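Trainee: Just so it is clear, I am handing over start-v3.json, which has JSON, C-alpha atoms.
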```
[["chain", "number", "residue", "atom", "x", "y", "z"],
["A", 11, "MET", "CA", -23.46, 97.91, -104.00],
["A", 12, "ALA", "CA", -24.78, 94.67, -105.41],
["A", 13, "GLY", "CA", -24.69, 94.24, -109.14],
["A", 14, "LYS", "CA", -23.00, 92.49, -111.98],
["A", 15, "MET", "CA", -19.27, 92.85, -112.39],
["A", 16, "ASP", "CA", -18.21, 94.38, -115.67],
["A", 17, "PRO", "CA", -14.50, 93.68, -116.06],
["A", 18, "LEU", "CA", -14.48, 94.38, -119.80],
["A", 19, "HIS", "CA", -15.65, 98.01, -119.78],
["A", 20, "GLN", "CA", -12.10, 99.21, -119.06],
["A", 21, "PHE", "CA", -10.98, 98.02, -122.51],
["A", 22, "LYS", "CA", -13.51, 100.11, -124.45],
["A", 23, "ILE", "CA", -11.97, 102.47, -126.98],
["A", 24, "GLU", "CA", -13.50, 105.94, -126.63],
["A", 25, "PRO", "CA", -12.90, 108.70, -129.18],
["A", 26, "ILE", "CA", -11.50, 111.89, -127.68],
["A", 27, "ALA", "CA", -11.57, 114.05, -130.79],
["A", 28, "ALA", "CA", -13.91, 112.84, -133.53],
["A", 29, "PHE", "CA", -12.64, 113.10, -137.09],
["A", 30, "ASP", "CA", -14.46, 111.43, -139.98],
["A", 31, "VAL", "CA", -12.98, 110.98, -143.44],
["A", 32, "GLY", "CA", -15.30, 109.56, -146.12],
["A", 33, "GLY", "CA", -17.30, 107.38, -143.75],
["A", 34, "TYR", "CA", -14.25, 106.08, -141.83],
["A", 35, "SER", "CA", -13.60, 107.30, -138.33],
["A", 36, "LEU", "CA", -10.06, 108.58, -137.86],
["A", 37, "ALA", "CA", -10.86, 109.81, -134.38],
["A", 38, "PHE", "CA", -8.10, 110.42, -131.87],
["A", 39, "THR", "CA", -9.02, 107.79, -129.28],
["A", 40, "ASN", "CA", -7.85, 107.04, -125.75],
["A", 41, "SER", "CA", -5.76, 104.25, -127.23],
["A", 42, "ALA", "CA", -4.06, 106.72, -129.60],
["A", 43, "LEU", "CA", -3.51, 109.11, -126.70],
["A", 44, "PHE", "CA", -1.62, 106.52, -124.68],
["A", 45, "MET", "CA", 0.38, 105.42, -127.70],
["A", 46, "THR", "CA", 1.43, 109.04, -128.19],
["A", 47, "LEU", "CA", 2.29, 109.27, -124.48],
["A", 48, "ALA", "CA", 4.45, 106.13, -124.71],
["A", 49, "ILE", "CA", 6.42, 107.59, -127.62],
["A", 50, "ILE", "CA", 6.79, 110.98, -125.92],
["A", 51, "LEU", "CA", 8.07, 109.35, -122.73],
["A", 52, "THR", "CA", 10.63, 107.23, -124.58],
["A", 53, "ALA", "CA", 11.80, 110.21, -126.62],
["A", 54, "ALA", "CA", 11.98, 112.39, -123.52],
["A", 55, "ILE", "CA", 14.07, 109.91, -121.57],
["A", 56, "MET", "CA", 16.49, 109.29, -124.42],
["A", 57, "ILE", "CA", 16.77, 112.88, -125.71],
["A", 58, "MET", "CA", 16.90, 114.62, -122.35],
["A", 59, "GLY", "CA", 19.17, 111.90, -121.02],
["A", 60, "SER", "CA", 21.81, 112.54, -123.65],
["A", 61, "ALA", "CA", 21.62, 116.34, -123.73],
["A", 62, "ARG", "CA", 24.65, 117.85, -122.02],
["A", 63, "ALA", "CA", 26.16, 114.42, -121.42],
["A", 64, "GLN", "CA", 28.80, 114.26, -118.72],
["A", 65, "MET", "CA", 31.57, 111.81, -118.01],
["A", 66, "ILE", "CA", 30.01, 110.84, -114.68],
["A", 67, "PRO", "CA", 26.33, 110.52, -115.54],
["A", 68, "GLY", "CA", 23.56, 112.11, -113.54],
["A", 69, "ARG", "CA", 20.31, 110.25, -112.84],
["A", 70, "LEU", "CA", 18.49, 110.80, -116.16],
["A", 71, "GLN", "CA", 21.59, 110.20, -118.24],
["A", 72, "SER", "CA", 22.30, 107.06, -116.26],
["A", 73, "LEU", "CA", 18.73, 105.86, -116.83],
["A", 74, "SER", "CA", 18.90, 106.39, -120.58],
["A", 75, "GLU", "CA", 22.34, 104.77, -120.74],
["A", 76, "MET", "CA", 21.13, 101.72, -118.80],
["A", 77, "PHE", "CA", 18.09, 101.46, -121.06],
["A", 78, "TYR", "CA", 20.31, 101.62, -124.15],
["A", 79, "SER", "CA", 22.91, 99.17, -122.91],
["A", 80, "PHE", "CA", 20.28, 96.70, -121.70],
["A", 81, "ILE", "CA", 18.71, 96.42, -125.18],
["A", 82, "SER", "CA", 22.08, 96.59, -126.92],
["A", 83, "GLY", "CA", 23.33, 93.69, -124.78],
["A", 84, "MET", "CA", 20.16, 91.72, -125.43],
["A", 85, "VAL", "CA", 20.48, 92.19, -129.21],
["A", 86, "ARG", "CA", 24.15, 91.16, -129.08],
["A", 87, "ASP", "CA", 23.44, 88.06, -126.96],
["A", 88, "ALA", "CA", 20.26, 86.80, -128.60],
["A", 89, "ALA", "CA", 20.63, 87.97, -132.20],
["A", 90, "GLY", "CA", 24.40, 87.99, -132.60],
["A", 91, "GLU", "CA", 26.94, 90.61, -133.65],
["A", 92, "ASP", "CA", 25.56, 90.75, -137.24],
["A", 93, "ALA", "CA", 22.25, 92.08, -135.96],
["A", 94, "LYS", "CA", 23.58, 95.51, -134.91],
["A", 95, "PRO", "CA", 21.83, 97.30, -137.82],
["A", 96, "TYR", "CA", 18.49, 96.09, -136.43],
["A", 97, "PHE", "CA", 19.08, 97.49, -132.94],
["A", 98, "PRO", "CA", 16.92, 100.65, -133.46],
["A", 99, "PHE", "CA", 14.00, 98.44, -134.55],
["A", 100, "VAL", "CA", 14.26, 96.21, -131.46],
["A", 101, "PHE", "CA", 14.77, 99.25, -129.20],
["A", 102, "THR", "CA", 11.67, 100.97, -130.57],
["A", 103, "LEU", "CA", 9.60, 97.80, -130.19],
["A", 104, "PHE", "CA", 10.78, 97.24, -126.62],
["A", 105, "SER", "CA", 10.23, 100.78, -125.42],
["A", 106, "PHE", "CA", 6.82, 101.10, -127.13],
["A", 107, "ILE", "CA", 5.54, 97.89, -125.58],
["A", 108, "LEU", "CA", 7.20, 98.60, -122.21],
["A", 109, "PHE", "CA", 5.68, 102.05, -121.82],
["A", 110, "GLY", "CA", 2.38, 100.79, -123.23],
["A", 111, "ASN", "CA", 2.19, 98.11, -120.56],
["A", 112, "LEU", "CA", 3.39, 100.39, -117.75],
["A", 113, "LEU", "CA", 1.07, 103.29, -118.62],
["A", 114, "GLY", "CA", -1.80, 100.85, -118.27],
["A", 115, "MET", "CA", -0.81, 100.25, -114.65],
["A", 116, "THR", "CA", -1.27, 103.93, -113.78],
["A", 117, "PRO", "CA", -4.65, 104.99, -112.30],
["A", 118, "TYR", "CA", -7.21, 105.49, -115.09],
["A", 119, "GLY", "CA", -4.55, 104.51, -117.61],
["A", 120, "PHE", "CA", -5.52, 102.66, -120.76],
["A", 121, "THR", "CA", -3.48, 99.61, -121.81],
["A", 122, "PHE", "CA", -3.29, 99.81, -125.56],
["A", 123, "THR", "CA", -1.39, 96.50, -125.68],
["A", 124, "SER", "CA", -4.47, 94.73, -124.31],
["A", 125, "HIS", "CA", -6.08, 94.89, -127.74],
["A", 126, "ILE", "CA", -5.30, 91.99, -130.08],
["A", 127, "ILE", "CA", -5.30, 94.30, -133.11],
["A", 128, "VAL", "CA", -2.44, 96.35, -131.66],
["A", 129, "THR", "CA", -0.35, 93.37, -130.62],
["A", 130, "PHE", "CA", -1.10, 91.57, -133.87],
["A", 131, "ALA", "CA", -0.01, 94.65, -135.84],
["A", 132, "LEU", "CA", 3.29, 94.68, -133.93],
["A", 133, "ALA", "CA", 3.83, 90.92, -134.23],
["A", 134, "PHE", "CA", 2.89, 90.85, -137.91],
["A", 135, "LEU", "CA", 5.29, 93.75, -138.51],
["A", 136, "VAL", "CA", 8.04, 91.78, -136.80],
["A", 137, "PHE", "CA", 7.17, 88.69, -138.87],
["A", 138, "LEU", "CA", 7.20, 90.61, -142.17],
["A", 139, "VAL", "CA", 10.44, 92.44, -141.33],
["A", 140, "ILE", "CA", 12.24, 89.26, -140.29],
["A", 141, "THR", "CA", 11.01, 87.22, -143.28],
["A", 142, "GLY", "CA", 12.01, 90.14, -145.50],
["A", 143, "ILE", "CA", 15.47, 90.23, -143.95],
["A", 144, "GLY", "CA", 15.76, 86.46, -144.48],
["A", 145, "PHE", "CA", 14.87, 86.71, -148.15],
["A", 146, "TYR", "CA", 17.05, 89.80, -148.63],
["A", 147, "LYS", "CA", 20.12, 88.12, -147.16],
["A", 148, "HIS", "CA", 19.69, 84.61, -148.53],
["A", 149, "GLY", "CA", 17.33, 84.83, -151.50],
["A", 150, "LEU", "CA", 15.51, 81.57, -152.18],
["A", 151, "HIS", "CA", 18.06, 79.70, -150.04],
["A", 152, "PHE", "CA", 15.99, 81.00, -147.11],
["A", 153, "PHE", "CA", 13.68, 78.01, -147.61],
["A", 154, "SER", "CA", 16.49, 75.71, -146.43],
["A", 155, "PHE", "CA", 15.63, 77.03, -142.97],
["A", 156, "PHE", "CA", 12.65, 74.66, -142.92],
["A", 157, "ALA", "CA", 14.85, 71.58, -143.33],
["A", 158, "PRO", "CA", 17.07, 71.63, -140.26],
["A", 159, "PRO", "CA", 20.56, 70.14, -140.75],
["A", 160, "GLY", "CA", 20.89, 66.54, -139.65],
["A", 161, "VAL", "CA", 17.34, 65.45, -140.45],
["A", 162, "PRO", "CA", 17.23, 61.93, -141.98],
["A", 163, "LEU", "CA", 15.57, 61.93, -145.40],
["A", 164, "ILE", "CA", 12.82, 59.54, -144.28],
["A", 165, "LEU", "CA", 11.55, 62.02, -141.71],
["A", 166, "ALA", "CA", 11.83, 65.11, -143.91],
["A", 167, "PRO", "CA", 8.22, 65.01, -145.29],
["A", 168, "LEU", "CA", 7.04, 65.01, -141.69],
["A", 169, "ILE", "CA", 9.50, 67.54, -140.26],
["A", 170, "ILE", "CA", 9.26, 70.18, -142.99],
["A", 171, "PRO", "CA", 5.49, 70.86, -142.74],
["A", 172, "ILE", "CA", 5.83, 70.97, -138.95],
["A", 173, "GLU", "CA", 8.65, 73.52, -139.28],
["A", 174, "VAL", "CA", 6.65, 75.62, -141.74],
["A", 175, "PHE", "CA", 3.62, 75.54, -139.48],
["A", 176, "SER", "CA", 5.61, 76.54, -136.41],
["A", 177, "TYR", "CA", 7.22, 79.39, -138.39],
["A", 178, "LEU", "CA", 3.79, 80.65, -139.47],
["A", 179, "ALA", "CA", 2.57, 80.32, -135.88],
["A", 180, "ARG", "CA", 5.20, 82.81, -134.69],
["A", 181, "PRO", "CA", 3.24, 86.07, -135.21],
["A", 182, "ILE", "CA", 0.18, 84.47, -133.63],
["A", 183, "SER", "CA", 2.03, 83.26, -130.54],
["A", 184, "LEU", "CA", 3.93, 86.54, -130.21],
["A", 185, "SER", "CA", 0.77, 88.65, -130.40],
["A", 186, "VAL", "CA", -1.48, 86.41, -128.30],
["A", 187, "ARG", "CA", 1.15, 86.12, -125.54],
["A", 188, "LEU", "CA", 1.31, 89.88, -125.02],
["A", 189, "PHE", "CA", -2.44, 90.42, -125.52],
["A", 190, "ALA", "CA", -3.52, 87.59, -123.21],
["A", 191, "ASN", "CA", -1.11, 88.60, -120.44],
["A", 192, "MET", "CA", -2.30, 92.20, -120.45],
["A", 193, "LEU", "CA", -5.99, 91.27, -120.81],
["A", 194, "ALA", "CA", -5.90, 88.65, -118.06],
["A", 195, "GLY", "CA", -3.97, 90.88, -115.68],
["A", 196, "HIS", "CA", -6.32, 93.80, -115.99],
["A", 197, "ILE", "CA", -9.44, 91.63, -115.80],
["A", 198, "VAL", "CA", -8.18, 90.04, -112.59],
["A", 199, "LEU", "CA", -7.39, 93.45, -111.11],
["A", 200, "LYS", "CA", -10.87, 94.72, -111.99],
["A", 201, "VAL", "CA", -12.59, 91.60, -110.63],
["A", 202, "LEU", "CA", -10.62, 91.78, -107.34],
["A", 203, "ALA", "CA", -11.51, 95.45, -106.96],
["A", 204, "SER", "CA", -15.18, 94.67, -107.64],
["A", 205, "PHE", "CA", -15.10, 91.96, -104.97],
["A", 206, "ILE", "CA", -13.68, 94.42, -102.43],
["A", 207, "VAL", "CA", -16.38, 96.99, -103.22],
["A", 208, "MET", "CA", -19.11, 94.34, -103.00],
["A", 209, "MET", "CA", -17.82, 93.06, -99.67],
["A", 210, "VAL", "CA", -17.58, 96.52, -98.15],
["A", 211, "GLY", "CA", -21.10, 97.22, -99.40],
["A", 212, "ALA", "CA", -22.34, 94.15, -97.53],
["A", 213, "GLY", "CA", -21.80, 95.64, -94.07],
["A", 214, "ALA", "CA", -19.23, 95.88, -91.30],
["A", 215, "MET", "CA", -18.23, 92.19, -91.31],
["A", 216, "GLY", "CA", -17.79, 92.48, -95.04],
["A", 217, "ALA", "CA", -15.48, 95.46, -94.64],
["A", 218, "PHE", "CA", -13.37, 93.49, -92.15],
["A", 219, "GLY", "CA", -13.19, 90.52, -94.51],
["A", 220, "ALA", "CA", -12.23, 92.78, -97.42],
["A", 221, "LEU", "CA", -8.94, 93.78, -95.75],
["A", 222, "PRO", "CA", -6.92, 90.67, -96.68],
["A", 223, "LEU", "CA", -8.41, 90.89, -100.15],
["A", 224, "LEU", "CA", -7.21, 94.49, -100.36],
["A", 225, "GLY", "CA", -3.73, 93.40, -99.30],
["A", 226, "PHE", "CA", -3.72, 90.72, -101.95],
["A", 227, "SER", "CA", -4.88, 93.21, -104.60],
["A", 228, "ILE", "CA", -2.02, 95.54, -103.75],
["A", 229, "GLY", "CA", 0.42, 92.64, -104.07],
["A", 230, "PHE", "CA", -1.18, 91.70, -107.35],
["A", 231, "VAL", "CA", -0.63, 95.22, -108.70],
["A", 232, "GLY", "CA", 3.08, 94.73, -107.99],
["A", 233, "PHE", "CA", 2.97, 91.39, -109.79],
["A", 234, "GLU", "CA", 1.24, 93.03, -112.76],
["A", 235, "ILE", "CA", 3.99, 95.64, -113.04],
["A", 236, "PHE", "CA", 6.52, 92.80, -113.10],
["A", 237, "VAL", "CA", 4.49, 91.04, -115.80],
["A", 238, "ALA", "CA", 4.36, 94.31, -117.81],
["A", 239, "LEU", "CA", 8.17, 94.55, -117.77],
["A", 240, "LEU", "CA", 8.63, 90.84, -118.41],
["A", 241, "GLN", "CA", 6.25, 90.70, -121.38],
["A", 242, "ALA", "CA", 7.95, 93.64, -123.08],
["A", 243, "TYR", "CA", 11.28, 91.87, -122.55],
["A", 244, "ILE", "CA", 9.94, 88.52, -123.83],
["A", 245, "PHE", "CA", 8.55, 90.14, -127.00],
["A", 246, "SER", "CA", 11.89, 91.81, -127.72],
["A", 247, "VAL", "CA", 14.08, 88.83, -126.90],
["A", 248, "LEU", "CA", 11.96, 86.56, -129.12],
["A", 249, "THR", "CA", 12.25, 89.15, -131.91],
["A", 250, "CYS", "CA", 16.04, 88.95, -131.46],
["A", 251, "VAL", "CA", 16.00, 85.14, -131.52],
["A", 252, "TYR", "CA", 13.91, 85.14, -134.71],
["A", 253, "LEU", "CA", 16.31, 87.71, -136.20],
["A", 254, "HIS", "CA", 19.17, 85.35, -135.40],
["A", 255, "ASP", "CA", 17.30, 82.58, -137.22],
["A", 256, "ALA", "CA", 16.72, 84.76, -140.26],
["A", 257, "ILE", "CA", 20.31, 85.96, -140.45],
["A", 258, "HIS", "CA", 22.04, 82.67, -139.68],
["A", 259, "LEU", "CA", 19.44, 80.17, -140.96],
["A", 260, "HIS", "CA", 19.86, 77.47, -138.34],
["B", 139, "MET", "CA", -29.74, 73.65, -121.85],
["B", 140, "ASP", "CA", -30.05, 77.42, -121.75],
["B", 141, "MET", "CA", -27.36, 79.26, -123.70],
["B", 142, "GLN", "CA", -26.11, 81.38, -120.80],
["B", 143, "ALA", "CA", -25.71, 78.31, -118.59],
["B", 144, "ALA", "CA", -23.86, 76.49, -121.35],
["B", 145, "LYS", "CA", -21.49, 79.45, -121.76],
["B", 146, "MET", "CA", -20.72, 79.51, -118.05],
["B", 147, "ILE", "CA", -20.06, 75.78, -117.94],
["B", 148, "GLY", "CA", -17.87, 76.05, -121.03],
["B", 149, "ALA", "CA", -15.86, 78.88, -119.52],
["B", 150, "GLY", "CA", -15.35, 76.91, -116.34],
["B", 151, "LEU", "CA", -14.23, 73.83, -118.26],
["B", 152, "ALA", "CA", -11.85, 75.90, -120.38],
["B", 153, "MET", "CA", -9.98, 76.95, -117.26],
["B", 154, "LEU", "CA", -8.94, 73.30, -116.74],
["B", 155, "GLY", "CA", -6.31, 74.08, -119.39],
["B", 156, "MET", "CA", -4.43, 76.03, -116.77],
["B", 157, "ILE", "CA", -3.50, 72.77, -115.02],
["B", 158, "GLY", "CA", -0.92, 72.04, -117.72],
["B", 159, "ALA", "CA", 0.48, 75.55, -117.58],
["B", 160, "GLY", "CA", 0.83, 75.36, -113.81],
["B", 161, "ILE", "CA", 2.71, 72.06, -113.97],
["B", 162, "GLY", "CA", 4.93, 73.36, -116.76],
["B", 163, "ILE", "CA", 5.92, 76.57, -115.00],
["B", 164, "GLY", "CA", 6.52, 74.68, -111.75],
["B", 165, "ALA", "CA", 8.79, 72.23, -113.57],
["B", 166, "ILE", "CA", 10.76, 75.06, -115.21],
["B", 167, "PHE", "CA", 11.37, 76.95, -112.00],
["B", 168, "SER", "CA", 12.15, 73.81, -110.00],
["B", 169, "ASN", "CA", 14.84, 72.96, -112.55],
["B", 170, "PHE", "CA", 16.10, 76.52, -112.35],
["B", 171, "LEU", "CA", 16.43, 76.26, -108.57],
["B", 172, "THR", "CA", 18.26, 72.93, -108.82],
["B", 173, "ALA", "CA", 20.63, 74.29, -111.45],
["B", 174, "ALA", "CA", 21.25, 77.49, -109.48],
["B", 175, "ALA", "CA", 21.99, 75.49, -106.35],
["B", 176, "ARG", "CA", 24.46, 73.29, -108.18],
["B", 177, "ASN", "CA", 26.21, 76.12, -110.02],
["B", 178, "PRO", "CA", 25.62, 79.49, -108.33],
["B", 179, "ALA", "CA", 28.11, 81.22, -110.62],
["B", 180, "ALA", "CA", 25.96, 80.57, -113.70],
["B", 181, "THR", "CA", 22.71, 81.79, -112.11],
["B", 182, "ASP", "CA", 22.45, 84.99, -114.15],
["B", 183, "GLN", "CA", 22.77, 83.22, -117.48],
["B", 184, "ILE", "CA", 20.25, 80.54, -116.59],
["B", 185, "ARG", "CA", 17.82, 83.08, -115.16],
["B", 186, "VAL", "CA", 17.27, 84.72, -118.56],
["B", 187, "MET", "CA", 16.41, 81.43, -120.25],
["B", 188, "THR", "CA", 14.17, 80.49, -117.31],
["B", 189, "PHE", "CA", 11.96, 83.53, -117.77],
["B", 190, "ILE", "CA", 11.77, 83.02, -121.52],
["B", 191, "GLY", "CA", 10.79, 79.38, -121.02],
["B", 192, "ALA", "CA", 8.22, 80.37, -118.41],
["B", 193, "ALA", "CA", 6.70, 82.83, -120.89],
["B", 194, "PHE", "CA", 6.27, 80.03, -123.42],
["B", 195, "ALA", "CA", 4.60, 77.78, -120.85],
["B", 196, "GLU", "CA", 2.42, 80.63, -119.56],
["B", 197, "LEU", "CA", 1.22, 81.39, -123.09],
["B", 198, "LEU", "CA", -0.63, 78.10, -123.33],
["B", 199, "GLY", "CA", -2.33, 78.66, -120.00],
["B", 200, "LEU", "CA", -3.37, 82.12, -121.08],
["B", 201, "LEU", "CA", -4.74, 80.75, -124.34],
["B", 202, "SER", "CA", -7.21, 78.73, -122.29],
["B", 203, "PHE", "CA", -8.09, 81.88, -120.34],
["B", 204, "VAL", "CA", -8.73, 83.71, -123.62],
["B", 205, "ILE", "CA", -11.08, 80.91, -124.71],
["B", 206, "ALA", "CA", -12.95, 81.24, -121.42],
["B", 207, "ILE", "CA", -13.31, 85.01, -121.87],
["B", 208, "LEU", "CA", -14.42, 84.49, -125.49],
["B", 209, "LEU", "CA", -17.10, 82.10, -124.32],
["B", 210, "LEU", "CA", -18.34, 84.36, -121.54],
["B", 211, "PHE", "CA", -18.34, 87.77, -123.16],
["B", 212, "VAL", "CA", -18.11, 87.42, -126.92],
["B", 213, "VAL", "CA", -20.09, 84.41, -128.05]]
```
Can the structure in the file be given as structure tokens, please?

Mentor:
Amino acid sequence: MAGKMDPLHQFKIEPIAAFDVGGYSLAFTNSALFMTLAIILTAAIMIMGSARAQMIPGRLQSLSEMFYSFISGMVRDAAGEDAKPYFPFVFTLFSFILFGNLLGMTPYGFTFTSHIIVTFALAFLVFLVITGIGFYKHGLHFFSFFAPPGVPLILAPLIIPIEVFSYLARPISLSVRLFANMLAGHIVLKVLASFIVMMVGAGAMGAFGALPLLGFSIGFVGFEIFVALLQAYIFSVLTCVYLHDAIHLH
Amino acid sequence: MDMQAAKMIGAGLAMLGMIGAGIGIGAIFSNFLTAAARNPAATDQIRVMTFIGAAFAELLGLLSFVIAILLLFVV
């Protein structure tokens, strides 16, 4: 089966149910389907896990409790005690991204977080919310965040633009980190799989040589699942750190 | 030079950016191992920061990968 590899076809958004409004397509796409699935899974775990709660938790209740306490601990450690009101926001972000990444690892699953528009929407939302919180809590004093304490006055005209630029770079780095990790992972998986198919198509020796490649691909799938979990965690923990900055301003 | 050839060469050159990311991640984890060996009790606390730091270093490597993909499939 010789032919060009096409690692990018898996990222194509296909409409499932077409729906046009005034020239704009509001179709229900495969991306929207997996987003809905991610929300349904999160809701199912949390709601069914806390229905008929018992003192000694069963498996599902234990899972939802561990999920909750993991994020609650992360918010407390990285964002501080004052950030408790923002826990539902961080929890929603974490579970949406986590299930988004993990659903992409299922066979024929679509990774909606591998599109820059989705990750940029999430990161820009985080940026707007955190800047809004900063202005709400501190008013115009929020701008003192860009002049860190202990900066000698000579260096201030150099430090302050650098600080502003790195603050504005936050949504970009947050979104590109998640997008690039998911994109790269799935492209590598597709390219490895294409290699295996090509080698098997080349004859018996090729099939023998494809075996170690197959083993490596299976290991790489495990690594990708780890990266899916890690990237969801990184996104959330950075949100908490930025929240800490906005609330405490240093 | 033909455009397709130029794109391929550009994509290959862009991947050289991964060298820095590799060195950075190696440095982070080597420091983590040293610190964990010196102070096994603090391993859990350091581990969290290690992964966050590795994500920062990995980002820059992945940015070079994104440039390579842009060159190959988008431009």

Trainee: Choose the residue, out of B:Ala152, B:Ile190, B:Ile205, B:Val213, that has the smallest atom-to-atom separation from chain A; count all atoms listed in the file.

Mentor: B:Ile190

Trainee: As number ranges by chain, could you give me every residue of chain A near chain B (at most 8 Å apart, counting all atoms listed in the file)?

Mentor: A: 183, 186-187, 190-191, 194, 241, 244

Trainee: Could you write out the selected residues, including C-alpha atoms, as a short mmCIF file (atom, residue, chain, number, x, y, z; two decimals), in the frame of the given file?

Mentor:
```cif
data_model
loop_
_atom_site.label_atom_id
_atom_site.label_comp_id
_atom_site.auth_asym_id
_atom_site.auth_seq_id
_atom_site.Cartn_x
_atom_site.Cartn_y
_atom_site.Cartn_z
CA SER A 183 2.03 83.26 -130.54
CA VAL A 186 -1.48 86.41 -128.30
CA ARG A 187 1.15 86.12 -125.54
CA ALA A 190 -3.52 87.59 -123.21
CA ASN A 191 -1.11 88.60 -120.44
CA ALA A 194 -5.90 88.65 -118.06
CA GLN A 241 6.25 90.70 -121.38
CA ILE A 244 9.94 88.52 -123.83
#
```

Trainee: Just the residues within 12 Å of stretch 63-74 of chain A, please, counting all atoms listed in the file, with nothing from its chain fewer than 5 positions along; format it as a tab-separated table (two decimals) with C-alpha atoms, in the frame of the given file.

Mentor:
```
chain	number	residue	atom	x	y	z
A	51	LEU	CA	8.07	109.35	-122.73
A	52	THR	CA	10.63	107.23	-124.58
A	53	ALA	CA	11.80	110.21	-126.62
A	54	ALA	CA	11.98	112.39	-123.52
A	55	ILE	CA	14.07	109.91	-121.57
A	56	MET	CA	16.49	109.29	-124.42
A	57	ILE	CA	16.77	112.88	-125.71
A	58	MET	CA	16.90	114.62	-122.35
A	79	SER	CA	22.91	99.17	-122.91
A	80	PHE	CA	20.28	96.70	-121.70
A	81	ILE	CA	18.71	96.42	-125.18
A	101	PHE	CA	14.77	99.25	-129.20
A	105	SER	CA	10.23	100.78	-125.42
```

Trainee: Of the residues B:Ala179, B:Phe170, B:Ala143, B:Ala149, which is the one nearest to B:Leu209, using all atoms listed in the file?

Mentor: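 Counting all atoms listed in the file, the residue closest to B:Leu209 is B:Ala149.
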
Trainee: Rank nothing, just name the residue among B:Ile166, B:Val212, B:Gln183, B:Ala206 nearest to B:Met153, using all atoms listed in the file.

Mentor: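 Of the candidates, the smallest distance to B:Met153 is held by B:Ala206.
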
Trainee: Mind pulling up the distance from atom CA of A:Glu75 to atom CA of A:Ser60?

Mentor: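 Those two atoms sit 8.3 Å apart.
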
Trainee: Using only C-alpha atoms, what does the table of stretch 209-254 of chain A residues within 12 Å of stretch 172-182 of chain A look like, with each row giving the shortest atom pair and its distance in Å to one decimal, sorted by chain and ascending number, as a Markdown table?

Mentor:
```
| residue | atom | partner | partner_atom | distance |
| --- | --- | --- | --- | --- |
| A:Phe245 | CA | A:Pro181 | CA | 10.6 |
| A:Leu248 | CA | A:Arg180 | CA | 9.5 |
| A:Thr249 | CA | A:Arg180 | CA | 9.9 |
| A:Val251 | CA | A:Arg180 | CA | 11.5 |
| A:Tyr252 | CA | A:Arg180 | CA | 9.0 |
```

Trainee: So that I have them on file, write out the residues from the current selection with C-alpha atoms, as a short mmCIF file (atom, residue, chain, number, x, y, z; two decimals), keeping the file's coordinate frame.

Mentor:
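See out03.cif below for the written result:
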```
data_model
loop_
_atom_site.label_atom_id
_atom_site.label_comp_id
_atom_site.auth_asym_id
_atom_site.auth_seq_id
_atom_site.Cartn_x
_atom_site.Cartn_y
_atom_site.Cartn_z
CA PHE A 245 8.55 90.14 -127.00
CA LEU A 248 11.96 86.56 -129.12
CA THR A 249 12.25 89.15 -131.91
CA VAL A 251 16.00 85.14 -131.52
CA TYR A 252 13.91 85.14 -134.71
#
```

Trainee: Please indicate the distance in Å from atom CA of B:Lys145 to atom CA of A:Gly195, rounded to one decimal place.

Mentor: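 Computing the Euclidean distance for atom CA of B:Lys145 and atom CA of A:Gly195 yields 21.8 Å.
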
Trainee: Quick one: residues within 12 Å of A:Phe152, only C-alpha atoms, excluding same-chain residues fewer than 3 positions away - as a compact mmCIF listing (two decimals) with C-alpha atoms, in the coordinates of the input?

Mentor:
```txt
# COMPACT_ATOMS: atom_id res chain seq x y z
CA ILE A 140 12.24 89.26 -140.29
CA THR A 141 11.01 87.22 -143.28
CA GLY A 142 12.01 90.14 -145.50
CA ILE A 143 15.47 90.23 -143.95
CA GLY A 144 15.76 86.46 -144.48
CA PHE A 145 14.87 86.71 -148.15
CA TYR A 146 17.05 89.80 -148.63
CA LYS A 147 20.12 88.12 -147.16
CA HIS A 148 19.69 84.61 -148.53
CA GLY A 149 17.33 84.83 -151.50
CA PHE A 155 15.63 77.03 -142.97
CA PHE A 156 12.65 74.66 -142.92
CA ALA A 157 14.85 71.58 -143.33
CA PRO A 158 17.07 71.63 -140.26
CA ASP A 255 17.30 82.58 -137.22
CA ALA A 256 16.72 84.76 -140.26
CA ILE A 257 20.31 85.96 -140.45
CA HIS A 258 22.04 82.67 -139.68
CA LEU A 259 19.44 80.17 -140.96
CA HIS A 260 19.86 77.47 -138.34
```

Trainee: A:Leu184, A:Ile50, A:Val161, A:Val198: which is nearest A:Phe109, counting only C-alpha atoms?

Mentor: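 The answer is A:Ile50, which sits nearest to A:Phe109.
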
Trainee: Between atom CA of B:Thr172 and atom CA of B:Ala159, measure the distance and give it in Å to one decimal.

Mentor: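 Computing it gives 20.0 Å between the two atoms.
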